[in-house]
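Have a look at final01.txt below; it lists compact mmCIF, C-alpha atoms.
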```
# COMPACT_ATOMS: atom_id res chain seq x y z
CA MET A 244 102.14 84.26 111.83
CA THR A 245 98.77 82.59 111.91
CA ASP A 246 97.70 81.26 108.58
CA THR A 247 94.06 82.10 107.97
CA MET A 248 93.44 78.46 107.04
CA ASN A 249 93.77 77.63 110.74
CA MET A 250 91.30 80.28 111.77
CA SER A 251 87.58 80.01 112.43
CA PRO A 252 85.47 81.40 109.56
CA GLU A 253 84.73 84.51 111.66
CA ASP A 254 88.40 85.10 112.46
CA ARG A 255 89.29 84.51 108.84
CA ASP A 256 86.79 87.04 107.55
CA ALA A 257 87.90 89.51 110.22
CA ARG A 258 91.53 89.13 109.18
CA ILE A 259 90.61 89.69 105.54
CA ALA A 260 88.59 92.79 106.43
CA GLU A 261 91.47 94.13 108.52
CA TYR A 262 93.84 93.55 105.63
CA VAL A 263 91.62 95.53 103.25
CA LEU A 264 91.04 98.26 105.82
CA GLY A 265 94.80 98.37 106.29
CA THR A 266 95.26 97.97 110.03
CA LEU A 267 97.63 95.00 109.91
CA SER A 268 101.29 95.53 110.79
CA ALA A 269 103.93 95.18 108.08
CA ASP A 270 104.66 91.58 109.11
CA GLU A 271 101.00 90.62 109.25
CA ARG A 272 100.43 92.18 105.85
CA ALA A 273 103.36 90.32 104.33
CA ALA A 274 102.16 86.99 105.72
CA PHE A 275 98.64 87.60 104.52
CA GLU A 276 99.83 88.58 101.05
CA ALA A 277 101.89 85.40 100.75
CA GLU A 278 98.75 83.44 101.49
CA LEU A 279 96.73 85.59 99.11
CA ARG A 280 98.97 84.59 96.21
CA ARG A 281 98.15 80.92 96.81
CA ASP A 282 94.48 81.11 97.61
CA GLU A 283 91.88 82.19 95.14
CA SER A 284 88.95 82.13 97.57
CA LEU A 285 90.92 84.55 99.72
CA ARG A 286 91.33 86.84 96.72
CA ARG A 287 87.59 86.74 96.14
CA THR A 288 86.85 87.75 99.72
CA VAL A 289 89.43 90.53 99.55
CA ALA A 290 87.76 91.81 96.39
CA ALA A 291 84.34 91.73 98.06
CA TRP A 292 85.64 93.75 101.01
CA SER A 293 87.37 96.18 98.67
CA GLU A 294 84.09 96.70 96.87
CA ARG A 295 82.26 97.31 100.16
CA LEU A 296 84.72 100.01 101.20
CA GLN A 297 85.16 101.57 97.75
CA PRO A 298 82.69 104.44 98.42
CA LEU A 299 85.19 105.70 101.01
CA ALA A 300 87.86 106.02 98.32
CA ASP A 301 85.33 107.66 96.01
CA SER A 302 84.56 110.30 98.63
CA VAL A 303 88.08 111.75 98.44
CA PRO A 304 88.26 114.73 96.06
CA PRO A 305 90.37 113.98 92.98
CA VAL A 306 93.62 115.93 92.61
CA ALA A 307 95.38 116.29 89.28
CA PRO A 308 98.84 114.72 89.51
CA PRO A 309 101.73 116.73 88.03
CA PRO A 310 101.96 116.27 84.23
CA ALA A 311 105.56 115.08 84.56
CA LEU A 312 104.32 112.09 86.53
CA ARG A 313 102.19 110.98 83.60
CA ASP A 314 105.25 111.20 81.34
CA ARG A 315 107.34 109.20 83.80
CA VAL A 316 104.73 106.46 84.16
CA LEU A 317 104.19 106.17 80.41
CA ALA A 318 107.93 106.17 79.80
CA ARG A 319 108.33 103.34 82.31
CA ILE A 320 105.78 101.18 80.52
CA GLY A 321 107.47 101.75 77.19
CA GLY A 322 105.97 105.02 76.00
CA VAL A 323 102.91 105.78 73.97
CA ASP A 324 104.17 106.65 70.57
CA GLU A 325 101.44 106.69 67.96
CA SER A 326 103.83 105.60 65.25
CA THR A 327 104.88 102.49 67.15
CA ALA A 328 101.54 101.68 68.76
CA ARG A 329 100.20 98.31 67.80
CA PRO A 330 97.70 98.40 64.98
CA PHE A 331 94.23 98.25 66.37
CA SER A 332 92.46 94.97 65.91
CA ILE A 333 88.72 94.81 66.31
CA LEU A 334 88.83 91.12 67.06
CA ARG A 335 91.42 91.64 69.77
CA TRP A 336 89.41 94.55 71.10
CA LEU A 337 86.28 92.44 71.31
CA SER A 338 88.15 89.56 72.85
CA TRP A 339 89.56 91.84 75.56
CA THR A 340 86.10 92.96 76.36
CA PHE A 341 84.10 89.81 76.01
CA GLY A 342 86.38 86.81 75.80
CA ALA A 343 86.38 84.06 73.25
CA ALA A 344 82.84 82.89 73.95
CA ALA A 345 81.31 86.21 73.02
CA LEU A 346 83.49 86.35 69.93
CA ALA A 347 82.00 83.10 68.79
CA ALA A 348 78.55 84.58 69.25
CA GLY A 349 79.35 87.03 66.51
CA VAL A 350 81.08 90.31 66.05
CA ALA A 351 77.88 92.19 65.26
CA VAL A 352 76.11 91.08 68.41
CA ALA A 353 79.10 91.92 70.55
CA ALA A 354 79.43 95.30 68.92
CA VAL A 355 75.93 96.28 69.98
CA PHE A 356 77.01 95.90 73.58
CA LEU A 357 80.52 97.18 73.15
CA PHE A 358 79.45 100.36 71.52
CA THR A 359 76.50 101.17 73.70
CA PRO A 360 77.11 104.76 74.68
CA GLN A 361 75.59 106.57 77.66
CA PRO A 362 72.80 107.46 77.48
CA PRO A 363 71.99 104.89 74.80
CA GLN A 364 69.34 106.83 72.92
CA LEU A 365 71.89 109.52 72.13
CA GLY A 366 74.25 107.36 70.16
CA GLY A 367 74.67 104.42 67.94
CA TYR A 368 76.92 102.61 65.61
CA ALA A 369 77.31 101.32 62.12
CA MET A 370 79.24 98.37 60.78
CA LEU A 371 80.32 98.85 57.21
CA HIS A 372 81.06 95.85 55.03
CA GLN A 373 82.26 95.25 51.51
CA ALA A 374 79.84 94.02 48.88
CA THR A 375 82.32 91.20 48.17
CA GLY A 376 81.60 89.69 51.56
CA SER A 377 85.22 89.94 52.71
CA ASP A 378 86.15 89.84 56.40
CA SER A 379 87.03 93.50 56.32
CA VAL A 380 84.88 95.71 58.49
CA ILE A 381 84.75 99.35 59.44
CA VAL A 382 83.04 100.18 62.69
CA VAL A 383 81.73 103.65 63.37
CA GLN A 384 80.56 104.55 66.85
CA ILE A 385 78.85 107.84 67.49
CA ASP A 386 78.32 109.30 70.91
CA LYS A 387 76.06 112.25 70.22
CA GLU A 388 76.02 113.52 73.76
CA ARG A 389 79.77 113.90 73.85
CA ARG A 390 79.93 114.73 70.16
CA GLN A 391 82.54 112.07 69.68
CA MET A 392 83.02 109.43 67.10
CA VAL A 393 85.25 106.43 67.15
CA LEU A 394 86.34 104.76 63.93
CA LEU A 395 87.85 101.33 63.71
CA ALA A 396 88.91 100.03 60.34
CA GLN A 397 89.89 96.40 60.07
CA ALA A 398 90.67 96.38 56.38
CA PRO A 399 93.57 96.28 53.92
CA THR A 400 95.35 99.62 53.63
CA ALA A 401 94.02 102.00 51.02
CA GLY A 402 97.30 101.90 49.13
CA ALA A 403 99.99 104.47 48.34
CA GLY A 404 98.62 107.95 47.79
CA LYS A 405 95.12 106.83 48.72
CA ASP A 406 92.88 107.15 51.77
CA TYR A 407 89.53 105.82 52.83
CA GLU A 408 86.95 108.52 53.44
CA LEU A 409 83.76 108.06 55.44
CA TRP A 410 80.49 109.60 54.28
CA VAL A 411 77.03 109.89 55.66
CA LEU A 412 74.33 109.71 52.97
CA PRO A 413 71.29 111.58 54.24
CA PRO A 414 68.16 110.60 52.26
CA GLY A 415 67.60 112.97 49.34
CA LYS A 416 70.74 115.01 50.06
CA ASN A 417 74.36 115.05 49.00
CA PRO A 418 76.86 112.93 50.91
CA VAL A 419 78.55 114.67 53.83
CA SER A 420 82.12 113.73 54.76
CA LEU A 421 82.90 112.38 58.23
CA GLY A 422 86.61 112.47 57.45
CA VAL A 423 89.40 110.17 56.44
CA LEU A 424 90.20 106.99 58.33
CA LYS A 425 93.23 104.81 58.63
CA THR A 426 93.22 101.05 58.61
CA GLY A 427 94.30 99.13 61.65
CA GLU A 428 94.03 102.16 63.91
CA ARG A 429 91.49 103.35 66.35
CA ILE A 430 90.55 106.93 65.63
CA GLU A 431 88.59 109.19 67.90
CA ARG A 432 87.54 112.64 67.00
CA PRO A 433 84.81 115.15 67.62
CA ILE A 434 81.72 115.24 65.44
CA ASP A 435 79.85 118.50 65.01
CA SER A 436 76.15 118.83 65.73
CA MET A 437 75.22 119.23 62.05
CA ARG A 438 76.81 115.91 61.16
CA ALA A 439 75.58 114.19 64.32
CA ALA A 440 72.02 115.23 63.43
CA LEU A 441 72.32 113.48 60.05
CA LEU A 442 72.90 110.17 61.77
CA GLN A 443 69.40 108.81 62.14
CA PRO A 444 68.40 105.15 62.32
CA GLU A 445 68.77 103.45 58.94
CA THR A 446 70.87 106.27 57.51
CA THR A 447 73.43 104.88 55.10
CA LEU A 448 77.14 105.33 55.71
CA ALA A 449 79.70 104.64 53.03
CA VAL A 450 83.46 104.58 52.64
CA SER A 451 85.01 105.58 49.34
CA LEU A 452 88.55 105.39 48.06
CA GLU A 453 89.97 108.90 47.70
CA PRO A 454 93.28 110.61 47.04
CA SER A 455 95.50 110.88 50.11
CA GLY A 456 93.92 113.32 52.59
CA GLY A 457 90.43 112.84 51.21
CA SER A 458 88.31 114.20 48.43
CA THR A 459 89.02 117.85 47.68
CA SER A 460 85.67 118.46 45.98
CA GLY A 461 83.51 117.81 49.05
CA ALA A 462 81.90 114.83 47.34
CA PRO A 463 83.08 111.26 46.91
CA THR A 464 85.19 110.84 43.79
CA GLY A 465 86.41 107.26 44.01
CA PRO A 466 84.67 103.89 44.20
CA VAL A 467 82.47 103.12 47.20
CA LEU A 468 84.04 100.16 48.95
CA PHE A 469 82.12 99.78 52.20
CA THR A 470 78.51 100.47 53.14
CA GLY A 471 76.38 100.02 56.23
CA THR A 472 73.48 101.60 58.08
CA PHE A 473 73.47 103.54 61.29
CA GLU A 474 71.68 101.86 64.19
CA LEU A 475 70.73 103.25 67.55
CA ALA A 476 72.65 101.49 70.25
CA ALA A 477 70.66 98.80 72.00
CA LYS A 478 69.91 99.49 75.60
CA MET B 221 91.92 119.13 53.42
CA ILE B 222 94.44 117.02 55.26
CA GLN B 223 93.21 115.86 58.63
CA ARG B 224 94.99 113.93 61.28
CA PHE B 225 92.91 111.34 63.00
CA HIS B 226 95.34 109.88 65.47
CA SER B 227 93.60 109.74 68.78
CA GLY B 228 94.24 113.10 70.35
CA GLU B 229 95.46 113.08 73.92
CA SER B 230 93.00 115.81 74.85
CA ASP B 231 89.88 114.17 73.46
CA PRO B 232 87.93 112.32 76.12
CA LEU B 233 87.27 108.70 75.31
CA PRO B 234 83.61 107.88 74.90
CA GLU B 235 82.11 106.28 77.99
CA SER B 236 81.87 102.87 76.42
CA VAL B 237 85.58 102.62 75.81
CA SER B 238 86.82 104.54 78.80
CA GLN B 239 85.23 101.98 81.08
CA LEU B 240 88.04 101.14 83.46
CA GLU B 241 87.40 97.43 83.19
CA SER B 242 87.89 97.44 79.42
CA LEU B 243 90.96 99.63 79.72
CA ILE B 244 92.55 97.31 82.28
CA GLU B 245 91.87 94.33 80.03
CA ALA B 246 93.30 96.14 77.03
CA SER B 247 96.36 97.06 79.12
CA ALA B 248 96.76 93.38 79.96
CA ALA B 249 96.94 92.74 76.21
CA GLY B 250 99.81 95.24 76.00
CA ASN B 251 97.87 98.19 74.62
CA ARG B 252 99.69 101.30 75.80
CA ALA B 253 97.13 103.72 74.39
CA ALA B 254 94.49 102.03 76.54
CA PHE B 255 96.79 102.34 79.53
CA SER B 256 97.32 106.04 78.93
CA ALA B 257 93.53 106.42 78.79
CA LEU B 258 93.36 104.44 82.02
CA TYR B 259 95.87 106.83 83.55
CA ASP B 260 93.81 109.84 82.56
CA ALA B 261 90.61 108.30 83.85
CA ALA B 262 91.92 107.03 87.17
CA ALA B 263 95.03 108.94 88.23
CA PRO B 264 93.36 112.05 89.73
CA GLN B 265 91.10 110.01 92.03
CA LEU B 266 94.01 107.78 93.03
CA PHE B 267 96.27 110.77 93.62
CA GLY B 268 93.63 112.38 95.83
CA LEU B 269 93.47 109.18 97.87
CA ALA B 270 97.26 108.90 98.08
CA LEU B 271 97.51 112.47 99.37
CA ARG B 272 94.76 111.80 101.89
CA ILE B 273 96.52 108.74 103.27
CA LEU B 274 100.13 109.90 103.06
CA LYS B 275 99.72 113.64 103.78
CA ARG B 276 102.91 114.31 101.84
CA ARG B 277 103.00 115.25 98.20
CA ASP B 278 106.39 113.67 97.47
CA TRP B 279 105.33 110.33 98.94
CA ALA B 280 101.97 110.51 97.19
CA GLU B 281 103.67 111.07 93.83
CA ASP B 282 106.02 108.12 94.37
CA VAL B 283 103.17 105.88 95.44
CA LEU B 284 100.91 106.89 92.56
CA GLN B 285 103.72 106.16 90.10
CA GLU B 286 104.49 102.77 91.68
CA ALA B 287 100.81 101.86 91.82
CA LEU B 288 100.15 102.67 88.18
CA ILE B 289 103.21 100.82 86.95
CA SER B 290 102.13 97.90 89.08
CA ALA B 291 98.64 98.12 87.54
CA TRP B 292 100.19 97.92 84.06
CA ARG B 293 102.33 94.92 84.99
CA ASN B 294 99.58 93.08 86.82
CA ALA B 295 96.64 94.00 84.60
CA GLY B 296 96.48 90.36 83.49
CA GLU B 297 95.46 89.37 87.01
CA TYR B 298 92.37 91.55 86.96
CA ARG B 299 89.10 89.59 86.75
CA ARG B 300 85.85 91.39 86.08
CA GLU B 301 83.88 88.83 88.05
CA LEU B 302 85.88 89.70 91.17
CA GLY B 303 84.85 93.33 91.15
CA SER B 304 85.05 96.74 89.57
CA GLY B 305 88.18 98.11 87.95
CA LYS B 306 88.02 101.06 90.29
CA ALA B 307 88.15 98.90 93.40
CA TRP B 308 91.02 96.88 91.89
CA LEU B 309 93.03 100.05 91.32
CA THR B 310 92.17 101.36 94.78
CA VAL B 311 93.54 98.19 96.38
CA ILE B 312 96.82 98.56 94.48
CA LEU B 313 97.13 102.23 95.43
CA ARG B 314 96.27 101.69 99.09
CA ASN B 315 98.62 98.72 99.38
CA ARG B 316 101.48 100.81 98.02
CA ALA B 317 100.58 103.69 100.31
CA LEU B 318 100.39 101.43 103.37
CA ASP B 319 103.72 99.80 102.47
CA ARG B 320 105.25 103.24 102.26
CA LEU B 321 103.84 104.27 105.64
CA ARG B 322 105.08 101.06 107.27
CA ARG B 323 108.52 101.47 105.71
CA GLU B 324 108.83 105.08 106.81
CA ALA B 325 107.67 104.17 110.30
CA ALA B 326 110.24 101.37 110.53
CA ALA B 327 113.02 103.58 109.17
CA ARG B 328 112.48 106.11 111.93
CA LEU B 329 112.87 103.43 114.61
CA GLU B 330 110.39 105.34 116.65
CA PRO B 331 107.23 104.14 118.29
CA SER B 332 105.06 103.77 115.22
CA GLY B 333 102.33 105.94 116.72
CA ASP B 334 104.65 108.96 116.51
CA ALA B 335 105.98 108.22 113.07
CA MET B 336 103.03 109.71 111.26
CA PRO B 337 103.21 113.29 110.13
CA GLU B 338 101.05 115.36 112.41
CA VAL B 339 97.52 115.83 111.22
CA GLU B 340 94.43 117.22 112.84
CA ASP B 341 92.79 114.67 115.04
CA PRO B 342 90.07 113.65 114.47
CA SER B 343 90.41 113.72 110.71
CA PRO B 344 87.87 116.23 109.51
CA SER B 345 86.82 114.40 106.38
CA ALA B 346 86.45 111.17 108.30
CA LEU B 347 83.79 112.68 110.52
CA ASP B 348 82.10 114.95 107.98
CA LEU B 349 81.92 112.08 105.57
CA THR B 350 79.54 112.28 102.64
CA LEU B 351 79.31 109.19 100.48
CA SER B 352 77.57 109.52 97.16
CA GLY B 353 76.06 107.06 94.74
CA GLU B 354 73.84 104.18 95.69
CA ALA B 355 76.64 102.07 97.16
CA GLY B 356 77.89 105.14 99.02
CA ARG B 357 74.52 105.89 100.54
CA ARG B 358 74.15 102.29 101.66
CA LEU B 359 77.60 102.29 103.25
CA MET B 360 76.84 105.62 104.89
CA THR B 361 73.62 104.27 106.37
CA CYS B 362 75.46 101.26 107.73
CA LEU B 363 78.33 103.36 109.12
CA GLU B 364 75.79 105.52 110.94
CA GLN B 365 74.52 102.42 112.73
CA LEU B 366 77.92 101.71 114.28
CA GLU B 367 78.96 102.98 117.64
CA GLU B 368 80.76 106.29 117.27
CA VAL B 369 84.12 104.80 118.41
CA GLN B 370 83.82 101.94 115.91
CA LYS B 371 83.01 104.27 113.05
CA ARG B 372 85.78 106.68 113.97
CA ALA B 373 88.39 103.92 114.26
CA ILE B 374 87.40 102.41 110.90
CA LEU B 375 87.46 105.74 109.08
CA MET B 376 90.78 106.77 110.63
CA ALA B 377 92.25 103.42 109.65
CA TYR B 378 91.01 103.76 106.08
CA PHE B 379 91.90 107.39 105.43
CA ASP B 380 95.04 107.70 107.53
CA GLY B 381 96.46 104.23 106.90
CA LEU B 382 96.97 103.51 110.58
CA THR B 383 97.79 100.10 112.06
CA HIS B 384 95.98 98.82 115.13
CA GLU B 385 98.94 99.99 117.23
CA GLU B 386 99.05 103.44 115.65
CA LEU B 387 95.32 103.83 116.11
CA ALA B 388 95.58 102.86 119.76
CA ALA B 389 98.31 105.46 120.25
CA ARG B 390 96.36 108.09 118.33
CA ILE B 391 93.09 107.55 120.17
CA ALA B 392 94.86 106.80 123.46
CA ALA B 393 92.93 103.58 123.97
CA PRO B 394 94.20 100.08 124.81
CA LEU B 395 95.28 98.04 121.80
CA GLY B 396 92.84 95.21 122.53
CA THR B 397 89.97 97.64 122.76
CA VAL B 398 90.84 99.27 119.44
CA LYS B 399 91.17 95.88 117.76
CA SER B 400 87.76 94.86 119.00
CA TRP B 401 86.14 98.16 117.90
CA ILE B 402 87.50 97.61 114.43
CA ARG B 403 86.62 93.98 114.29
CA ARG B 404 83.08 94.31 115.60
CA GLY B 405 82.55 97.43 113.52
CA LEU B 406 83.58 95.65 110.32
CA GLN B 407 81.41 92.65 111.17
CA ARG B 408 78.38 94.86 111.74
CA LEU B 409 79.14 96.77 108.57
CA LYS B 410 79.19 93.58 106.56
CA GLY B 411 75.98 92.32 108.16
CA CYS B 412 74.25 95.63 107.49
CA LEU B 413 75.41 95.80 103.87
CA GLU B 414 74.17 92.28 103.22
CA LEU B 415 70.65 93.06 104.42
```
Using structure tokens, write down the structure that the file contains.
Amino acid sequence: MTDTMNMSPEDRDARIAEYVLGTLSADERAAFEAELRRDESLRRTVAAWSERLQPLADSVPPVAPPPALRDRVLARIGGVDESTARPFSILRWLSWTFGAAALAAGVAVAAVFLFTPQPPQLGGYAMLHQATGSDSVIVVQIDKERRQMVLLAQAPTAGAGKDYELWVLPPGKNPVSLGVLKTGERIERPIDSMRAALLQPETTLAVSLEPSGGSTSGAPTGPVLFTGTFELAAK
Amino acid sequence: MIQRFHSGESDPLPESVSQLESLIEASAAGNRAAFSALYDAAAPQLFGLALRILKRRDWAEDVLQEALISAWRNAGEYRRELGSGKAWLTVILRNRALDRLRREAAARLEPSGDAMPEVEDPSPSALDLTLSGEAGRRLMTCLEQLEEVQKRAILMAYFDGLTHEELAARIAAPLGTVKSWIRRGLQRLKGCLEL
């Protein structure tokens, strides 16, 4: 089998394109793939060709696979059991998305990009901190278009029989609950249009300590531990 | 009021976190919830492609399963700077599908051109192709500039997973001619896309 290193640049690029298109025989494919594992520039060219031809793949209508297949795949990778899922870490999340360099640039800056919803003017985020200046942080992302919110709480647990509850504090009105959150876990849930409408730029959000399950009176009863303001996502 | 806030399987992830690239990277870090979101976001498109190439539901299911497990295991090799998450997943899926076709062809010990399940020829979707999005429209424009035989050979190769030899048998043209259609067609495509 001809190694592409011995080929002219034109032949080399043609071989790469044929590999991505898929016309090589089984033996030719195997030889090319062995080379691919050793050669990063080859991997780059393969990726460029894959990107060029990707619209062809996109043109095929999606078909829902059988639900049992999802179960089989997830079982093979070790299952997705909420109770055994790793606790969510905001720092790890940011590092997955941006790498160590962006982390050094600051969590808040990274969060503006991370939590930019589509379209940006329809959503935003808030980062809630403790007055004590601890490292704990609660991140609230709102996607108004999809009526979704995502809550990430990187904070000590609320303690036995206690829960953190998130509130929006509309100016001149009573606090409105956005629900209970759990530390170390990523929570997604719908937000109704009434609550979404309360989230305007500079609106204060707060987290109070409440009995397990949240305040039963509809108003915060425990101490306010975290506060922050809602910001529109940067474009 | 007791509320459960575990991420519900039925709730769509917001766009910013369902980005395939982020989900692949989170999968590389061992996050199974991210992988299950990746499955939901990508599996239907990949399954559609597997069915298109393999023409058999049982093979397509096997290949989709293998491809996704491979994506989980190899997520650490994904690099954003090399391209989109979608294209990365497509390569994995198509490679698995092509391996399957080659294996089945070899197992039959028949001339490989006859080993494919019978399909209409020419492939309808290959010739009535509509590519959407900006990249799709550009590729479409460039495909239209190829000679008809070049375009047809490239699309049949992509969507039916045919080797040079299988294509030659399918189109009833000499192998060398088919190879040169493909090769020149791909070269012109690249030149056109780089304009």
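Applying the 10 Å criterion to (98.3, 101.2, 84.4) in file coordinates and using all atoms listed in the file, one obtains the residues Val316, Leu317 and Ile320 of chain A; Leu243, Ile244, Ser247, Ala248, Arg252, Ala254, Phe255, Ser256, Ala257, Leu258, Tyr259, Asp260, Ala262, Ala263, Gln285, Glu286, Ala287, Leu288, Ile289, Ser290, Ala291, Trp292, Arg293, Asn294, Ala295 and Leu309 of chain B.
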Would you write out those residues with C-alpha atoms, as a PDB file, keeping the file's coordinate frame?
```pdb
ATOM      1  CA  VAL A 316     104.730 106.460  84.160  1.00  0.00           C
ATOM      2  CA  LEU A 317     104.190 106.170  80.410  1.00  0.00           C
ATOM      3  CA  ILE A 320     105.780 101.180  80.520  1.00  0.00           C
TER       4      ILE A 320
ATOM      5  CA  LEU B 243      90.960  99.630  79.720  1.00  0.00           C
ATOM      6  CA  ILE B 244      92.550  97.310  82.280  1.00  0.00           C
ATOM      7  CA  SER B 247      96.360  97.060  79.120  1.00  0.00           C
ATOM      8  CA  ALA B 248      96.760  93.380  79.960  1.00  0.00           C
ATOM      9  CA  ARG B 252      99.690 101.300  75.800  1.00  0.00           C
ATOM     10  CA  ALA B 254      94.490 102.030  76.540  1.00  0.00           C
ATOM     11  CA  PHE B 255      96.790 102.340  79.530  1.00  0.00           C
ATOM     12  CA  SER B 256      97.320 106.040  78.930  1.00  0.00           C
ATOM     13  CA  ALA B 257      93.530 106.420  78.790  1.00  0.00           C
ATOM     14  CA  LEU B 258      93.360 104.440  82.020  1.00  0.00           C
ATOM     15  CA  TYR B 259      95.870 106.830  83.550  1.00  0.00           C
ATOM     16  CA  ASP B 260      93.810 109.840  82.560  1.00  0.00           C
ATOM     17  CA  ALA B 262      91.920 107.030  87.170  1.00  0.00           C
ATOM     18  CA  ALA B 263      95.030 108.940  88.230  1.00  0.00           C
ATOM     19  CA  GLN B 285     103.720 106.160  90.100  1.00  0.00           C
ATOM     20  CA  GLU B 286     104.490 102.770  91.680  1.00  0.00           C
ATOM     21  CA  ALA B 287     100.810 101.860  91.820  1.00  0.00           C
ATOM     22  CA  LEU B 288     100.150 102.670  88.180  1.00  0.00           C
ATOM     23  CA  ILE B 289     103.210 100.820  86.950  1.00  0.00           C
ATOM     24  CA  SER B 290     102.130  97.900  89.080  1.00  0.00           C
ATOM     25  CA  ALA B 291      98.640  98.120  87.540  1.00  0.00           C
ATOM     26  CA  TRP B 292     100.190  97.920  84.060  1.00  0.00           C
ATOM     27  CA  ARG B 293     102.330  94.920  84.990  1.00  0.00           C
ATOM     28  CA  ASN B 294      99.580  93.080  86.820  1.00  0.00           C
ATOM     29  CA  ALA B 295      96.640  94.000  84.600  1.00  0.00           C
ATOM     30  CA  LEU B 309      93.030 100.050  91.320  1.00  0.00           C
TER      31      LEU B 309
END
```
| request: Write out as a list in words which residues come within 12 Å of Thr375 of chain A when counting all atoms listed in the file, dropping same-chain ones fewer than 5 positions away. | output: Val380, Val467, Leu468, Phe469 and Thr470 of chain A
| field | Interface residues on chain A facing chain B, 7 Å, all atoms listed in the file, written as a PyMOL selection string | value | chain A and resi 257+260+264-269+287+290+293-294+297-300+302-308+312+316+320+323+339-340+357-361+386+391+424+430-432+456-457+459
| task | Would you be able to write out as a list in words which residues have an atom within 8 Å of (84.0, 106.3, 63.0) in the file's coordinates, counting all atoms listed in the file? | result | Ile381, Val382, Val383, Gln384, Ile385, Met392, Val393, Leu394, Leu395, Leu409, Leu421, Leu424, Ile430 and Glu431 of chain A
| said: Between atom CA of Ser458 of chain A and atom CA of Trp410 of chain A, what distance in Å does the model show, to one decimal? | reply: 10.8 Å
Give me segment 422-426 of chain A with all heavy atoms filled in, as a CSV table (one decimal), in the coordinates of the input.
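selection.csv, written as the output of this step:
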```
chain,number,residue,atom,x,y,z
A,422,GLY,N,85.2,112.5,57.3
A,422,GLY,CA,86.6,112.5,57.4
A,422,GLY,C,87.3,111.2,56.9
A,422,GLY,O,86.6,110.2,56.6
A,423,VAL,N,88.6,111.3,56.9
A,423,VAL,CA,89.4,110.2,56.4
A,423,VAL,C,89.7,109.2,57.6
A,423,VAL,O,89.7,109.6,58.7
A,423,VAL,CB,90.7,110.8,55.9
A,423,VAL,CG1,91.7,109.7,55.5
A,423,VAL,CG2,90.4,111.7,54.7
A,424,LEU,N,89.8,107.9,57.3
A,424,LEU,CA,90.2,107.0,58.3
A,424,LEU,C,91.4,106.2,57.9
A,424,LEU,O,91.7,106.1,56.7
A,424,LEU,CB,89.0,106.1,58.7
A,424,LEU,CG,88.2,105.4,57.6
A,424,LEU,CD1,88.8,104.1,57.3
A,424,LEU,CD2,86.8,105.3,58.1
A,425,LYS,N,92.0,105.6,58.9
A,425,LYS,CA,93.2,104.8,58.6
A,425,LYS,C,93.0,103.4,59.0
A,425,LYS,O,92.3,103.1,60.1
A,425,LYS,CB,94.4,105.3,59.5
A,425,LYS,CG,95.0,106.6,58.9
A,425,LYS,CD,96.4,106.7,59.5
A,425,LYS,CE,97.1,108.0,59.1
A,425,LYS,NZ,97.2,108.1,57.6
A,426,THR,N,93.5,102.5,58.3
A,426,THR,CA,93.2,101.0,58.6
A,426,THR,C,94.1,100.6,59.8
A,426,THR,O,95.2,101.1,60.0
A,426,THR,CB,93.5,100.1,57.4
A,426,THR,OG1,94.9,100.3,57.0
A,426,THR,CG2,92.6,100.4,56.3
```
